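The structure appears below as structure tokens.
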Amino acid sequence: MSVGTFCLVLHSHLPWLAHHGRWPVGEEWLHQAWAQSYLPLTRLLRRLGEDGGRDLLTLGITPVLAAQLDDPYCQAEHQRWLSDWMLRADDLAGDRDPTVSALGRYEGARARDTLREMTSAWGAGGSPVWRELADAGVVELLGGPLTHPVLPLVRPAVADLALGTGLDDHVLRQGRRPAGIWLPECAYSPGLEHLLAGHGVAHLMLDGPTLQHVGAHTARAWRLGDSDVAVVGRDLEVTYRVWSPRRGYPGGRWYRDFHAYHHASGLKLSRVTGTTVDPADKAPYEPEKAAAAVAEHVEDFVALVRQRLTSLRERDGRAGLVVAAYDTELFGHWWHEGLDWLAGVLDALPAAGVRVTTLSGALADDPPEQAVHPESGSWGLGKDLGVWAGERVTGMLAEQTRVQDCLLAAAGAAQTGTAREPWLDELAETVLLACASDWPFMVSHDSSPEYARARLAGHVATADTLTDQRRRIGAERPFGHVDARRLNPAAAAG
């Protein structure tokens, strides 16, 4: 008998970056995450699936990221990026310093493996790769709103458009409608469940404190409000053992340092060494020592999950649920050894008596019986909506709201519901890109804030031009299926 159920949920997301800067801000983000997280993750999952692994984890891929992984321009640029990585590593392998040379060979082998994976398995884009894993039952895929807006902060009609077109995009790429979604930023406000239920969303995850603030625990699923939407909560005690604002495994001294670069090659050749050590004084990376640290942290995490589930069973007299959730980019990109750790955990948990499954699998065996009525919350800093609506970004929120109102007014005036208006579709897509949660997040966290402000300003300027001219201007269209007729004209009057 298992001691309980464990669900790992990974959230894969980047804003639309194609043709919007390269280095150090822009497409480089996409290429790093693609090469270091998305490609090796799928390779790992394929291997585990070939070994009989099923229902291993729940994987959210936002439509805006999926569009870039399928985009021919992004595909071609990524192959060039991988080739450049390989050449830089080969040059480093010829260094006179034997330590640097060894690390160059290590990087070169990784680059070749990744380029081989890209040209073989990813030749038709990313969606067929994810689809194959989902069809085989290796993972569950989550859908989501089109451009990752914070739904409680956008107009209801725009939220409806974002979610509806996002779910349609998932069907186009994956061939089926997802049962669950990744709610952007886990941002919830009362009443949102009605929008979700109206689009057939069966389940989602909220951050643990959002449930705990109203007396609900994370050891089981709940019905959200007065709907039939099932909700689970992220277990922070378990999740933060890996990654937290102040501590976590990736800060271990033997792991490769994310921030220290070898200036001549741009590659990362140092280990963490110590959290207070200057980058210039970091010790060289030693893959063998890092592998030993991974084994220790796999053992530690498995013991923690088992202990947590055992205590829940003793407390409640029934098997409990632990949900841990992370950004996919943590594994491989931010934490170089993270995918090795993930492989070890997925192997060791069942051996420790823990049932590993997807959110759908957990809910099928233990459907929610009681309702929970959360207040507003998110997984952001402060666990509220302040990252996207706080003092530092009030101007950005005002601009996002203004262009939404312009869109709704234009949709009402155009009497949508008859023939499509191409300029209005273009306006709707531009407004959705402007409402991405990334722009205020980057300003609130002081992470390339000028880039974020410029991106929002660019989308707003395009929206204003479309509104004024009421004709197409040829703005970027990553989502040609956005149909403004889905907007309810009555929302503009309201």
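Residue names in the structure tokens use chain letters A, B, ... in the order shown, residue numbers from 1 in each chain, and ligand numbers from 1 in the order shown.
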
Write out as a compact mmCIF listing (two decimals) with N, CA and C atoms, in the first residue's frame each polymer residue whose atoms come within 6 Å of range 386-392 of chain A, counting only C-alpha atoms; drop sequence neighbours fewer than 5 positions from it.
```txt
# COMPACT_ATOMS: atom_id res chain seq x y z
N PRO A 440 4.67 43.56 -16.18
CA PRO A 440 4.71 44.09 -14.82
C PRO A 440 5.56 43.24 -13.88
N PHE A 441 5.60 41.92 -14.10
CA PHE A 441 6.44 41.06 -13.26
C PHE A 441 7.90 41.51 -13.35
N SER A 444 8.36 44.80 -11.41
CA SER A 444 8.26 44.61 -9.96
C SER A 444 9.49 43.92 -9.40
```

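Shell of Arg455 in chain A at 9 Å, with only C-alpha atoms counted and residues fewer than 6 places along the chain excluded, is His20, Ala434 and Trp439 of chain A.
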
Practice task
Check the smallest atom-to-atom distance from each of A:Ala89, A:Leu433, A:Ala292, A:Ala159 to Glu476 in chain A using only C-alpha atoms, then report the winner.
Solution key: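 Among the listed residues, the smallest separation from Glu476 in chain A belongs to A:Leu433.
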
Exercise for the section: Identify, on the basis of only C-alpha atoms, every residue whose closest approach to range 178-190 of chain A does not exceed 8 Å; exclude the query and any residue fewer than 4 positions from it along the same chain; express the result as a ChimeraX atom specification. Expected result: /A:11,60,62,141-145,148-152,167,170-171,200-207,225,360,373-380,384-385,437

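Proximity to Arg318 in chain A was assessed for A:Ile473, A:Asp366, A:Ser120, A:Ala409 counting only C-alpha atoms; the smallest distance is recorded for A:Asp366.
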
Problem - Within 8 Å of range 38-40 of chain A using only C-alpha atoms, minus same-chain residues under 2 positions, as number ranges by chain - result: A: 33-36, 42-44, 114, 117-118, 328-329, 332, 339

Practice task
Just the alpha helix (DSSP H) stuff from range 33-237 of chain A, please, per backbone DSSP, written as an MDAnalysis selection string.
Solution key: chainID A and resid 33 39:50 63:70 72:93 98:120 127:135 156:174 192:198 208:212 236:237

Practice task
Using backbone DSSP assignments, extract all strand (DSSP E or B) residues from range 306-370 of chain A; output them as JSON, numbers by chain.
Solution key: {"A": [320, 321, 322, 323, 324, 325, 326, 327, 331, 335, 354, 355, 356]}

Please save N, CA and C atoms of the selected residues as a tab-separated table (two decimals), in the first residue's frame.
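In the end it all went to again_2.tsv:
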```tsv
chain	number	residue	atom	x	y	z
A	320	GLY	N	-2.95	10.85	1.75
A	320	GLY	CA	-2.94	12.27	1.43
A	320	GLY	C	-2.32	12.55	0.08
A	321	LEU	N	-2.30	13.82	-0.28
A	321	LEU	CA	-1.79	14.29	-1.56
A	321	LEU	C	-0.75	15.37	-1.31
A	322	VAL	N	0.37	15.28	-2.01
A	322	VAL	CA	1.39	16.32	-2.00
A	322	VAL	C	1.61	16.78	-3.44
A	323	VAL	N	1.43	18.07	-3.69
A	323	VAL	CA	1.66	18.66	-5.00
A	323	VAL	C	2.83	19.62	-4.90
A	324	ALA	N	3.86	19.36	-5.69
A	324	ALA	CA	5.00	20.28	-5.79
A	324	ALA	C	4.99	20.87	-7.19
A	325	ALA	N	5.23	22.16	-7.31
A	325	ALA	CA	5.16	22.82	-8.62
A	325	ALA	C	6.30	23.80	-8.78
A	326	TYR	N	6.84	23.83	-10.00
A	326	TYR	CA	7.99	24.68	-10.31
A	326	TYR	C	7.90	25.17	-11.75
A	327	ASP	N	8.63	26.23	-12.05
A	327	ASP	CA	8.87	26.59	-13.43
A	327	ASP	C	9.74	25.52	-14.07
A	331	PHE	N	14.77	23.47	-14.18
A	331	PHE	CA	15.45	22.20	-14.37
A	331	PHE	C	16.29	22.23	-15.65
A	335	TRP	N	19.05	25.51	-12.82
A	335	TRP	CA	19.74	24.50	-12.03
A	335	TRP	C	20.27	23.45	-13.00
A	354	VAL	N	5.64	5.64	-2.53
A	354	VAL	CA	4.86	6.83	-2.87
A	354	VAL	C	4.28	6.66	-4.27
A	355	ARG	N	2.98	6.88	-4.39
A	355	ARG	CA	2.36	6.82	-5.71
A	355	ARG	C	2.63	8.12	-6.45
A	356	VAL	N	3.20	8.03	-7.64
A	356	VAL	CA	3.47	9.20	-8.49
A	356	VAL	C	2.48	9.19	-9.64
```
